Structures are given as structure tokens and as C-alpha cells.
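As stored in start_34.pdb (PDB, C-alpha atoms, pLDDT in the B column):
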ATOM      1  CA  MET E   1     -42.037  46.166 -12.824  1.00 56.00           C
ATOM      2  CA  PRO E   2     -45.382  44.502 -13.515  1.00 67.00           C
ATOM      3  CA  PHE E   3     -46.172  43.598 -17.098  1.00 79.00           C
ATOM      4  CA  GLN E   4     -49.337  42.592 -18.912  1.00 89.00           C
ATOM      5  CA  HIS E   5     -50.528  41.641 -22.349  1.00 92.00           C
ATOM      6  CA  PRO E   6     -51.972  44.650 -24.193  1.00 95.00           C
ATOM      7  CA  GLU E   7     -55.203  42.689 -24.663  1.00 93.00           C
ATOM      8  CA  GLU E   8     -55.851  43.060 -20.948  1.00 93.00           C
ATOM      9  CA  ILE E   9     -56.133  46.837 -21.298  1.00 92.00           C
ATOM     10  CA  GLY E  10     -57.956  46.995 -24.621  1.00 94.00           C
ATOM     11  CA  TYR E  11     -54.964  47.276 -26.945  1.00 95.00           C
ATOM     12  CA  GLY E  12     -54.702  43.747 -28.265  1.00 93.00           C
ATOM     13  CA  TYR E  13     -53.979  44.930 -31.808  1.00 96.00           C
ATOM     14  CA  VAL E  14     -50.720  46.745 -31.051  1.00 97.00           C
ATOM     15  CA  ILE E  15     -48.477  43.676 -31.170  1.00 96.00           C
ATOM     16  CA  GLU E  16     -49.428  42.786 -34.749  1.00 96.00           C
ATOM     17  CA  ARG E  17     -49.670  46.439 -35.781  1.00 96.00           C
ATOM     18  CA  TYR E  18     -46.331  47.691 -34.480  1.00 97.00           C
ATOM     19  CA  VAL E  19     -44.137  44.857 -33.197  1.00 97.00           C
ATOM     20  CA  LYS E  20     -44.744  42.031 -35.657  1.00 95.00           C
ATOM     21  CA  ARG E  21     -45.481  44.283 -38.613  1.00 95.00           C
ATOM     22  CA  ASN E  22     -43.879  42.751 -41.688  1.00 92.00           C
ATOM     23  CA  ASP E  23     -42.317  45.211 -44.110  1.00 89.00           C
ATOM     24  CA  SER E  24     -39.716  42.736 -45.350  1.00 89.00           C
ATOM     25  CA  ASP E  25     -39.590  38.970 -44.956  1.00 86.00           C
ATOM     26  CA  ARG E  26     -39.477  39.064 -41.152  1.00 93.00           C
ATOM     27  CA  PRO E  27     -41.270  40.847 -38.293  1.00 95.00           C
ATOM     28  CA  ARG E  28     -40.181  44.397 -37.553  1.00 96.00           C
ATOM     29  CA  TYR E  29     -38.607  43.607 -34.193  1.00 95.00           C
ATOM     30  CA  ARG E  30     -36.314  41.036 -35.814  1.00 95.00           C
ATOM     31  CA  ASP E  31     -35.160  43.454 -38.501  1.00 93.00           C
ATOM     32  CA  LEU E  32     -34.386  46.058 -35.846  1.00 93.00           C
ATOM     33  CA  LYS E  33     -32.632  43.614 -33.546  1.00 92.00           C
ATOM     34  CA  SER E  34     -30.476  42.113 -36.301  1.00 91.00           C
ATOM     35  CA  GLY E  35     -29.369  45.550 -37.484  1.00 89.00           C
ATOM     36  CA  ARG E  36     -29.890  44.650 -41.110  1.00 88.00           C
ATOM     37  CA  ALA E  37     -32.117  47.680 -41.558  1.00 83.00           C
ATOM     38  CA  LEU E  38     -28.931  49.733 -41.154  1.00 86.00           C
ATOM     39  CA  ARG E  39     -26.908  47.870 -43.772  1.00 86.00           C
ATOM     40  CA  PRO E  40     -26.354  49.468 -47.187  1.00 85.00           C
ATOM     41  CA  GLY E  41     -28.090  47.701 -50.034  1.00 88.00           C
ATOM     42  CA  TRP E  42     -30.807  46.017 -48.003  1.00 90.00           C
ATOM     43  CA  PRO E  43     -33.632  45.534 -50.552  1.00 92.00           C
ATOM     44  CA  HIS E  44     -36.451  46.307 -48.107  1.00 92.00           C
ATOM     45  CA  ALA E  45     -34.855  49.470 -46.735  1.00 88.00           C
ATOM     46  CA  GLU E  46     -37.141  52.082 -48.285  1.00 89.00           C
ATOM     47  CA  ARG E  47     -40.421  50.441 -47.351  1.00 91.00           C
ATOM     48  CA  PHE E  48     -39.192  49.480 -43.892  1.00 92.00           C
ATOM     49  CA  THR E  49     -37.901  52.934 -43.022  1.00 91.00           C
ATOM     50  CA  ARG E  50     -40.940  54.788 -44.364  1.00 92.00           C
ATOM     51  CA  GLN E  51     -43.287  52.632 -42.319  1.00 93.00           C
ATOM     52  CA  LEU E  52     -41.131  52.968 -39.221  1.00 94.00           C
ATOM     53  CA  ILE E  53     -41.063  56.760 -39.550  1.00 93.00           C
ATOM     54  CA  ASP E  54     -44.830  56.860 -40.102  1.00 95.00           C
ATOM     55  CA  ASP E  55     -45.533  54.665 -37.093  1.00 96.00           C
ATOM     56  CA  ALA E  56     -43.140  56.636 -34.883  1.00 96.00           C
ATOM     57  CA  ALA E  57     -45.060  59.786 -35.784  1.00 95.00           C
ATOM     58  CA  THR E  58     -48.598  58.440 -35.475  1.00 96.00           C
ATOM     59  CA  ILE E  59     -48.545  55.869 -32.669  1.00 98.00           C
ATOM     60  CA  THR E  60     -50.313  57.270 -29.635  1.00 98.00           C
ATOM     61  CA  ASP E  61     -48.820  57.581 -26.180  1.00 97.00           C
ATOM     62  CA  ALA E  62     -51.402  55.100 -24.897  1.00 97.00           C
ATOM     63  CA  GLU E  63     -50.380  52.556 -27.545  1.00 98.00           C
ATOM     64  CA  LEU E  64     -46.724  53.020 -26.656  1.00 98.00           C
ATOM     65  CA  GLU E  65     -47.505  52.490 -22.981  1.00 96.00           C
ATOM     66  CA  ALA E  66     -49.366  49.293 -23.853  1.00 97.00           C
ATOM     67  CA  ILE E  67     -46.371  47.967 -25.768  1.00 96.00           C
ATOM     68  CA  LEU E  68     -43.878  49.057 -23.105  1.00 96.00           C
ATOM     69  CA  GLY E  69     -45.848  47.154 -20.522  1.00 94.00           C
ATOM     70  CA  TYR E  70     -45.340  43.765 -22.144  1.00 95.00           C
ATOM     71  CA  GLU E  71     -42.377  41.475 -22.995  1.00 94.00           C
ATOM     72  CA  TRP E  72     -38.952  42.174 -24.514  1.00 95.00           C
ATOM     73  CA  ARG E  73     -39.948  42.226 -28.197  1.00 95.00           C
ATOM     74  CA  SER E  74     -42.635  44.769 -27.470  1.00 97.00           C
ATOM     75  CA  ARG E  75     -40.448  46.927 -25.263  1.00 97.00           C
ATOM     76  CA  PHE E  76     -37.593  46.753 -27.754  1.00 97.00           C
ATOM     77  CA  THR E  77     -39.822  47.909 -30.614  1.00 97.00           C
ATOM     78  CA  ALA E  78     -41.534  50.588 -28.543  1.00 98.00           C
ATOM     79  CA  ALA E  79     -38.184  52.050 -27.540  1.00 98.00           C
ATOM     80  CA  TRP E  80     -37.120  52.240 -31.183  1.00 97.00           C
ATOM     81  CA  LEU E  81     -40.338  54.013 -32.097  1.00 97.00           C
ATOM     82  CA  ILE E  82     -39.837  56.386 -29.186  1.00 98.00           C
ATOM     83  CA  GLY E  83     -36.251  57.046 -30.234  1.00 97.00           C
ATOM     84  CA  VAL E  84     -37.021  57.562 -33.920  1.00 96.00           C
ATOM     85  CA  GLY E  85     -39.862  59.926 -33.021  1.00 95.00           C
ATOM     86  CA  ARG E  86     -37.886  61.568 -30.207  1.00 96.00           C
ATOM     87  CA  ARG E  87     -40.816  61.163 -27.817  1.00 97.00           C
ATOM     88  CA  THR E  88     -39.032  62.811 -24.921  1.00 98.00           C
ATOM     89  CA  THR E  89     -42.108  62.554 -22.703  1.00 98.00           C
ATOM     90  CA  PHE E  90     -41.090  58.906 -22.282  1.00 98.00           C
ATOM     91  CA  ARG E  91     -37.636  59.773 -20.892  1.00 98.00           C
ATOM     92  CA  GLU E  92     -38.467  58.844 -17.295  1.00 98.00           C
ATOM     93  CA  ARG E  93     -40.258  55.654 -18.331  1.00 97.00           C
ATOM     94  CA  ILE E  94     -37.364  54.575 -20.542  1.00 98.00           C
ATOM     95  CA  GLY E  95     -34.895  55.379 -17.777  1.00 98.00           C
ATOM     96  CA  ASP E  96     -36.828  53.315 -15.244  1.00 97.00           C
ATOM     97  CA  LEU E  97     -36.976  50.346 -17.606  1.00 97.00           C
ATOM     98  CA  LEU E  98     -33.278  50.579 -18.397  1.00 97.00           C
ATOM     99  CA  LEU E  99     -32.273  50.675 -14.743  1.00 97.00           C
ATOM    100  CA  ALA E 100     -34.610  47.810 -13.894  1.00 95.00           C
ATOM    101  CA  SER E 101     -33.089  45.586 -16.648  1.00 93.00           C
ATOM    102  CA  GLU E 102     -35.916  43.075 -16.488  1.00 90.00           C
ATOM    103  CA  PHE E 103     -35.621  41.594 -19.979  1.00 87.00           C
ATOM    104  CA  CYS E 104     -32.844  40.677 -22.371  1.00 84.00           C
ATOM    105  CA  PHE E 105     -32.234  42.675 -25.573  1.00 86.00           C
ATOM    106  CA  SER E 106     -34.609  45.567 -24.849  1.00 94.00           C
ATOM    107  CA  GLY E 107     -31.999  47.615 -22.961  1.00 96.00           C
ATOM    108  CA  GLY E 108     -30.042  48.399 -26.104  1.00 96.00           C
ATOM    109  CA  ALA E 109     -33.126  50.039 -27.566  1.00 97.00           C
ATOM    110  CA  TYR E 110     -33.596  52.139 -24.434  1.00 98.00           C
ATOM    111  CA  CYS E 111     -30.028  53.369 -24.840  1.00 98.00           C
ATOM    112  CA  PHE E 112     -30.715  54.232 -28.481  1.00 97.00           C
ATOM    113  CA  ALA E 113     -33.753  56.287 -27.451  1.00 98.00           C
ATOM    114  CA  LEU E 114     -31.778  58.197 -24.808  1.00 98.00           C
ATOM    115  CA  ALA E 115     -28.988  58.889 -27.297  1.00 98.00           C
ATOM    116  CA  ARG E 116     -31.584  60.260 -29.727  1.00 97.00           C
ATOM    117  CA  PHE E 117     -33.084  62.534 -27.066  1.00 97.00           C
ATOM    118  CA  GLY E 118     -29.634  64.038 -26.673  1.00 97.00           C
ATOM    119  CA  THR E 119     -29.817  66.011 -23.416  1.00 98.00           C
ATOM    120  CA  HIS E 120     -27.969  66.213 -20.109  1.00 98.00           C
ATOM    121  CA  ALA E 121     -30.874  64.409 -18.453  1.00 98.00           C
ATOM    122  CA  ASP E 122     -30.351  61.446 -20.777  1.00 98.00           C
ATOM    123  CA  ALA E 123     -26.635  61.401 -20.042  1.00 98.00           C
ATOM    124  CA  ASP E 124     -27.420  61.312 -16.320  1.00 98.00           C
ATOM    125  CA  ILE E 125     -29.654  58.253 -16.795  1.00 98.00           C
ATOM    126  CA  LEU E 126     -26.983  56.418 -18.772  1.00 98.00           C
ATOM    127  CA  ALA E 127     -24.317  57.287 -16.201  1.00 98.00           C
ATOM    128  CA  SER E 128     -26.582  56.007 -13.419  1.00 98.00           C
ATOM    129  CA  TYR E 129     -27.010  52.744 -15.293  1.00 98.00           C
ATOM    130  CA  LEU E 130     -23.256  52.330 -15.711  1.00 98.00           C
ATOM    131  CA  ASP E 131     -22.672  53.172 -12.053  1.00 98.00           C
ATOM    132  CA  ARG E 132     -25.023  50.365 -11.129  1.00 97.00           C
ATOM    133  CA  TYR E 133     -24.083  47.679 -13.638  1.00 97.00           C
ATOM    134  CA  LEU E 134     -20.439  48.122 -14.646  1.00 97.00           C
ATOM    135  CA  PRO E 135     -19.208  47.017 -11.195  1.00 97.00           C
ATOM    136  CA  ARG E 136     -21.220  43.820 -11.720  1.00 96.00           C
ATOM    137  CA  THR E 137     -18.634  41.997 -13.782  1.00 95.00           C
ATOM    138  CA  ASP E 138     -20.784  38.872 -13.546  1.00 94.00           C
ATOM    139  CA  LEU E 139     -23.631  40.492 -15.481  1.00 93.00           C
ATOM    140  CA  ARG E 140     -23.577  40.839 -19.272  1.00 93.00           C
ATOM    141  CA  TYR E 141     -26.487  43.227 -19.689  1.00 95.00           C
ATOM    142  CA  ASP E 142     -26.504  46.417 -21.786  1.00 96.00           C
ATOM    143  CA  GLN E 143     -23.305  48.000 -20.535  1.00 97.00           C
ATOM    144  CA  PRO E 144     -21.815  48.321 -24.072  1.00 97.00           C
ATOM    145  CA  ALA E 145     -24.901  50.058 -25.471  1.00 97.00           C
ATOM    146  CA  ALA E 146     -25.079  52.394 -22.482  1.00 98.00           C
ATOM    147  CA  LEU E 147     -21.427  53.370 -22.794  1.00 98.00           C
ATOM    148  CA  GLY E 148     -21.750  53.962 -26.531  1.00 98.00           C
ATOM    149  CA  ALA E 149     -24.791  56.173 -26.000  1.00 98.00           C
ATOM    150  CA  LEU E 150     -23.073  58.120 -23.226  1.00 98.00           C
ATOM    151  CA  LEU E 151     -19.966  58.687 -25.342  1.00 98.00           C
ATOM    152  CA  ARG E 152     -22.137  60.016 -28.165  1.00 98.00           C
ATOM    153  CA  LEU E 153     -23.913  62.375 -25.789  1.00 98.00           C
ATOM    154  CA  ASP E 154     -20.614  63.580 -24.349  1.00 98.00           C
ATOM    155  CA  ALA E 155     -19.436  64.450 -27.849  1.00 97.00           C
ATOM    156  CA  HIS E 156     -22.721  66.216 -28.600  1.00 97.00           C
ATOM    157  CA  LEU E 157     -22.986  68.078 -25.300  1.00 98.00           C
ATOM    158  CA  GLY E 158     -19.318  68.847 -24.731  1.00 98.00           C
ATOM    159  CA  THR E 159     -19.344  66.913 -21.454  1.00 98.00           C
ATOM    160  CA  HIS E 160     -17.157  64.180 -19.971  1.00 98.00           C
ATOM    161  CA  HIS E 161     -19.545  61.863 -18.148  1.00 97.00           C
ATOM    162  CA  ALA E 162     -17.943  58.748 -19.623  1.00 98.00           C
ATOM    163  CA  ASP E 163     -14.371  59.631 -18.626  1.00 98.00           C
ATOM    164  CA  ARG E 164     -14.593  58.050 -15.192  1.00 97.00           C
ATOM    165  CA  PHE E 165     -15.791  54.776 -16.720  1.00 98.00           C
ATOM    166  CA  THR E 166     -13.229  54.589 -19.522  1.00 98.00           C
ATOM    167  CA  GLU E 167     -10.046  55.584 -17.694  1.00 97.00           C
ATOM    168  CA  PRO E 168      -7.286  52.929 -17.919  1.00 95.00           C
ATOM    169  CA  ASP E 169      -7.977  50.008 -15.589  1.00 94.00           C
ATOM    170  CA  GLY E 170     -11.280  51.638 -14.694  1.00 96.00           C
ATOM    171  CA  LEU E 171     -14.766  50.183 -14.509  1.00 97.00           C
ATOM    172  CA  TRP E 172     -15.080  49.517 -18.235  1.00 97.00           C
ATOM    173  CA  ASP E 173     -11.729  47.750 -18.495  1.00 96.00           C
ATOM    174  CA  ARG E 174     -12.481  45.619 -15.459  1.00 96.00           C
ATOM    175  CA  TRP E 175     -15.909  44.685 -16.814  1.00 96.00           C
ATOM    176  CA  VAL E 176     -14.439  43.611 -20.172  1.00 96.00           C
ATOM    177  CA  GLN E 177     -11.477  41.782 -18.679  1.00 94.00           C
ATOM    178  CA  ALA E 178     -13.680  39.723 -16.390  1.00 94.00           C
ATOM    179  CA  LEU E 179     -14.169  37.409 -19.389  1.00 90.00           C
ATOM    180  CA  ALA E 180     -10.854  36.137 -20.713  1.00 86.00           C
ATOM    181  CA  HIS E 181     -12.014  35.814 -24.319  1.00 84.00           C
ATOM    182  CA  LEU E 182     -12.898  39.530 -24.460  1.00 84.00           C
ATOM    183  CA  GLN E 183      -9.454  40.742 -23.412  1.00 85.00           C
ATOM    184  CA  GLY E 184      -7.933  42.615 -26.321  1.00 85.00           C
ATOM    185  CA  ASP E 185     -11.090  42.262 -28.445  1.00 90.00           C
ATOM    186  CA  PRO E 186     -11.334  45.412 -30.624  1.00 92.00           C
ATOM    187  CA  GLY E 187     -15.109  45.057 -30.601  1.00 93.00           C
ATOM    188  CA  PHE E 188     -15.181  45.866 -26.896  1.00 94.00           C
ATOM    189  CA  THR E 189     -13.269  49.128 -26.858  1.00 96.00           C
ATOM    190  CA  PRO E 190     -15.121  52.342 -25.922  1.00 97.00           C
ATOM    191  CA  ALA E 191     -14.572  53.593 -29.475  1.00 97.00           C
ATOM    192  CA  ALA E 192     -16.328  50.512 -30.885  1.00 96.00           C
ATOM    193  CA  GLN E 193     -19.356  51.102 -28.659  1.00 97.00           C
ATOM    194  CA  ARG E 194     -19.509  54.735 -29.766  1.00 97.00           C
ATOM    195  CA  ARG E 195     -19.386  53.680 -33.433  1.00 96.00           C
ATOM    196  CA  ARG E 196     -22.358  51.335 -32.963  1.00 94.00           C
ATOM    197  CA  THR E 197     -24.445  54.080 -31.393  1.00 96.00           C
ATOM    198  CA  ASP E 198     -23.392  56.551 -34.077  1.00 95.00           C
ATOM    199  CA  LEU E 199     -24.461  54.096 -36.781  1.00 92.00           C
ATOM    200  CA  GLN E 200     -27.927  53.721 -35.267  1.00 92.00           C
ATOM    201  CA  CYS E 201     -28.454  57.422 -34.606  1.00 93.00           C
ATOM    202  CA  ASP E 202     -26.994  58.642 -37.889  1.00 89.00           C
ATOM    203  CA  PHE E 203     -29.274  56.291 -39.805  1.00 83.00           C
ATOM    204  CA  ALA E 204     -32.224  57.464 -37.732  1.00 83.00           C
ATOM    205  CA  ASP E 205     -31.322  61.058 -38.500  1.00 80.00           C
ATOM    206  CA  GLY E 206     -31.426  60.126 -42.182  1.00 74.00           C
ATOM    207  CA  TRP E 207     -34.746  58.324 -41.765  1.00 64.00           C
ATOM    208  CA  ALA E 208     -36.283  61.467 -40.309  1.00 54.00           C
ATOM    209  CA  SER E 209     -35.620  63.273 -43.616  1.00 48.00           C
ATOM    210  CA  VAL E 210     -37.357  60.656 -45.779  1.00 44.00           C
ATOM    211  CA  THR E 211     -40.600  61.992 -47.245  1.00 38.00           C
TER     212      THR E 211
END
The structure in this file should be written as C-alpha cells.
Amino acid sequence: MPFQHPEEIGYGYVIERYVKRNDSDRPRYRDLKSGRALRPGWPHAERFTRQLIDDAATITDAELEAILGYEWRSRFTAAWLIGVGRRTTFRERIGDLLLASEFCFSGGAYCFALARFGTHADADILASYLDRYLPRTDLRYDQPAALGALLRLDAHLGTHHADRFTEPDGLWDRWVQALAHLQGDPGFTPAAQRRRTDLQCDFADGWASVT
């Protein structure tokens, strides 16, 4: 997909305003990527979460499109804002970006957004991603995040989309076992991926109640 700097379409301010915004001692995208915003006892938690909630509620669709059209830090942050705000109008856009897998890191945020949307349509997107990328045992993209999000949606929706990926010696097992050092790693079980998604979404659910 083509990408361009927001300055080229009159939104040059959005990178500093939303992506590099500093509510701790580091830019927002780094706090989100590191996961430290989710850790108990983080001293910047209240300010960070309040500002993230506010921005997720007030950022315009045009500003989000400008950020989604740029590089991985921008897309990563935009997807988190979309997920926190449950901007379901971006479902198709997020799905297209996830399936395209153009940049590193950003895919995990797309999966978070789809998990937050919480519908059958989101499960279908995640299943399509896994159908495409789990057979590619040579690619270490966002397969863990996608599986974790799909497992969460299955639990929420009462569906079983992930079963065909997680059956013994199935696509997930073959993808993990393609790298010898991951064999038997408890961090690469389906349950571990589900826990990571639950942590993100449960914290986001809590953020939404902050006033």
C-alpha cells in the first residue's frame, strides 16, 4: 500500500501530537510497544492513560487516516487509538493493513484493535490472516498476536475459529516448531498468546472507565 508523510496532505502536526506525545519519559509509541503502560506500579500510568483515552475519543477520522498512511510507529499508535476508542469504522482499513503486513511491529496493534471490536467480522479477518501466514513457517510476523486475538474473540463469541489452527500438529504447532529454540517454549503456546491479548484488552477496558 502506498504511504506518505502526513505533511504532504496537510496534517504535519499529527506525528508530534499523537505518536511522539510524551506523557512519561519516552514517546507514546515506545510506551505502548514496550508494554510498560500495562505494568502495575508504573509511575506515569494515570497521566498516560488519561491522555490516551482523551486522544482516542477526540482524534478525527481524517487525522487517523493521516497517521495510518505513514510508517510503522504511526500505524502502531493509530491502531491503538482506534482500538481504545473502538472506532469500528476502521475495521476494513485495519484488516487490509494487517493482511498486507508491510511494516514490522504495527501488526500486533491491528490485532489488538480487532480484539477490542469484538465481532464475528473481526474474527474472520484474524482467521484470514492466519490462513495466509501460519503456513509460512519462514516468516515471523504477527502470527502470535493474531492467534491470541482470535482465541479471545472465540471465548467472547462462543465460536471455534481458532480450533483448526491449534489442533495438535496443526498449523500453529508447525509454525512454532520451525525454529528449534521455540520448541517447548511455554511463551509460544496458544494459551500464552491468549493471555497477552487479554492483558491488553482488560487494561483497555479499565482505561475506558477512567474519568
- Message: Set the distance at 9 Å and use all atoms listed in the file: which residues neighbour segment 100-117 of chain E once local chain neighbours fewer than 2 positions away are removed? I'd like the list as a PyMOL selection string.
- Response: chain E and resi 1+33+71-88+91+94-98+119+121-123+125-126+141-150+152-153+197+200-201+204-205
Where's the centre, and what are the edge lengths in Å to one decimal, of a box along x, y and z enclosing all listed atoms of segment 133-147 of chain E padded 6 Å per side, as lines of an AutoDock Vina configuration file?
center_x = -22.6
center_y = 46.1
center_z = -18.3
size_x = 19.9
size_y = 26.5
size_z = 26.3
- Task: Go ahead and compute the interatomic distance for atom CA of His181 of chain E and atom CA of Leu151 of chain E, in Å to one decimal.
- Result: 24.2 Å
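Among the candidates E:Ala191, E:Leu134, E:Val19, E:Ala45, the residue lying nearest to Asp173 of chain E is E:Leu134 (atoms considered: only C-alpha atoms).
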- Note on the structure: note - atom CA of Glu92 of chain E and atom CA of His161 of chain E are separated by 19.2 Å
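Run against this file, the PyMOL selection byres ((chain E and resi 48) around 9) gives back Asn22, Asp23, Ser24, Arg28, Ala37, His44, Ala45, Glu46, Arg47, Thr49, Arg50, Gln51, Leu52 and Ile53 of chain E.
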Missing atoms in segment 27-37 of chain E: fill them in up to all heavy atoms and send the result as a CSV table (one decimal), in the frame of the given file.
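Saved as out.csv:
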chain,number,residue,atom,x,y,z
E,27,PRO,N,-40.6,39.8,-39.1
E,27,PRO,CA,-41.3,40.8,-38.3
E,27,PRO,C,-40.3,42.0,-38.0
E,27,PRO,O,-39.1,41.9,-38.0
E,27,PRO,CB,-41.6,40.1,-37.0
E,27,PRO,CG,-41.6,38.7,-37.3
E,27,PRO,CD,-40.6,38.5,-38.5
E,28,ARG,N,-41.0,43.2,-37.8
E,28,ARG,CA,-40.2,44.4,-37.6
E,28,ARG,C,-39.2,44.2,-36.4
E,28,ARG,O,-38.0,44.7,-36.6
E,28,ARG,CB,-41.1,45.6,-37.2
E,28,ARG,CG,-40.4,46.8,-36.8
E,28,ARG,CD,-41.4,47.9,-36.4
E,28,ARG,NE,-41.9,48.6,-37.6
E,28,ARG,CZ,-43.0,49.4,-37.7
E,28,ARG,NH1,-43.7,49.5,-36.6
E,28,ARG,NH2,-43.3,50.0,-38.8
E,29,TYR,N,-39.5,43.7,-35.3
E,29,TYR,CA,-38.6,43.6,-34.2
E,29,TYR,C,-37.4,42.8,-34.6
E,29,TYR,O,-36.3,43.1,-34.1
E,29,TYR,CB,-39.3,43.0,-32.9
E,29,TYR,CG,-39.5,41.5,-33.0
E,29,TYR,CD1,-38.5,40.7,-32.5
E,29,TYR,CD2,-40.7,41.0,-33.4
E,29,TYR,CE1,-38.7,39.3,-32.5
E,29,TYR,CE2,-40.9,39.6,-33.5
E,29,TYR,CZ,-39.8,38.7,-33.0
E,29,TYR,OH,-40.0,37.4,-33.0
E,30,ARG,N,-37.5,41.8,-35.4
E,30,ARG,CA,-36.3,41.0,-35.8
E,30,ARG,C,-35.4,41.8,-36.7
E,30,ARG,O,-34.2,41.7,-36.6
E,30,ARG,CB,-36.7,39.7,-36.5
E,30,ARG,CG,-37.4,38.7,-35.5
E,30,ARG,CD,-37.6,37.4,-36.2
E,30,ARG,NE,-36.4,36.8,-36.6
E,30,ARG,CZ,-36.3,35.7,-37.3
E,30,ARG,NH1,-37.4,35.1,-37.8
E,30,ARG,NH2,-35.1,35.2,-37.7
E,31,ASP,N,-36.0,42.6,-37.6
E,31,ASP,CA,-35.2,43.5,-38.5
E,31,ASP,C,-34.4,44.5,-37.7
E,31,ASP,O,-33.2,44.8,-38.0
E,31,ASP,CB,-36.0,44.2,-39.5
E,31,ASP,CG,-36.5,43.2,-40.7
E,31,ASP,OD1,-35.8,42.2,-40.9
E,31,ASP,OD2,-37.5,43.5,-41.3
E,32,LEU,N,-35.1,45.1,-36.7
E,32,LEU,CA,-34.4,46.1,-35.8
E,32,LEU,C,-33.3,45.4,-35.0
E,32,LEU,O,-32.2,45.9,-34.9
E,32,LEU,CB,-35.4,46.8,-34.9
E,32,LEU,CG,-36.3,47.7,-35.6
E,32,LEU,CD1,-37.4,48.2,-34.7
E,32,LEU,CD2,-35.6,49.0,-36.2
E,33,LYS,N,-33.6,44.3,-34.4
E,33,LYS,CA,-32.6,43.6,-33.5
E,33,LYS,C,-31.4,43.1,-34.3
E,33,LYS,O,-30.3,43.2,-33.8
E,33,LYS,CB,-33.3,42.4,-32.8
E,33,LYS,CG,-32.4,41.7,-31.9
E,33,LYS,CD,-33.0,40.6,-31.2
E,33,LYS,CE,-32.1,39.8,-30.3
E,33,LYS,NZ,-31.0,39.2,-31.0
E,34,SER,N,-31.6,42.6,-35.5
E,34,SER,CA,-30.5,42.1,-36.3
E,34,SER,C,-29.6,43.2,-36.8
E,34,SER,O,-28.4,43.0,-37.2
E,34,SER,CB,-31.0,41.3,-37.5
E,34,SER,OG,-31.6,42.1,-38.4
E,35,GLY,N,-30.1,44.4,-36.9
E,35,GLY,CA,-29.4,45.6,-37.5
E,35,GLY,C,-29.3,45.6,-39.0
E,35,GLY,O,-28.7,46.5,-39.6
E,36,ARG,N,-30.0,44.7,-39.6
E,36,ARG,CA,-29.9,44.6,-41.1
E,36,ARG,C,-30.6,45.8,-41.8
E,36,ARG,O,-30.3,46.2,-42.9
E,36,ARG,CB,-30.4,43.3,-41.7
E,36,ARG,CG,-31.9,43.1,-41.6
E,36,ARG,CD,-32.2,41.8,-42.3
E,36,ARG,NE,-33.6,41.5,-42.4
E,36,ARG,CZ,-34.2,40.6,-43.2
E,36,ARG,NH1,-33.4,39.9,-44.0
E,36,ARG,NH2,-35.5,40.3,-43.2
E,37,ALA,N,-31.5,46.5,-41.0
E,37,ALA,CA,-32.1,47.7,-41.6
E,37,ALA,C,-31.1,48.8,-41.7
E,37,ALA,O,-31.4,49.7,-42.5
E,37,ALA,CB,-33.2,48.1,-40.6
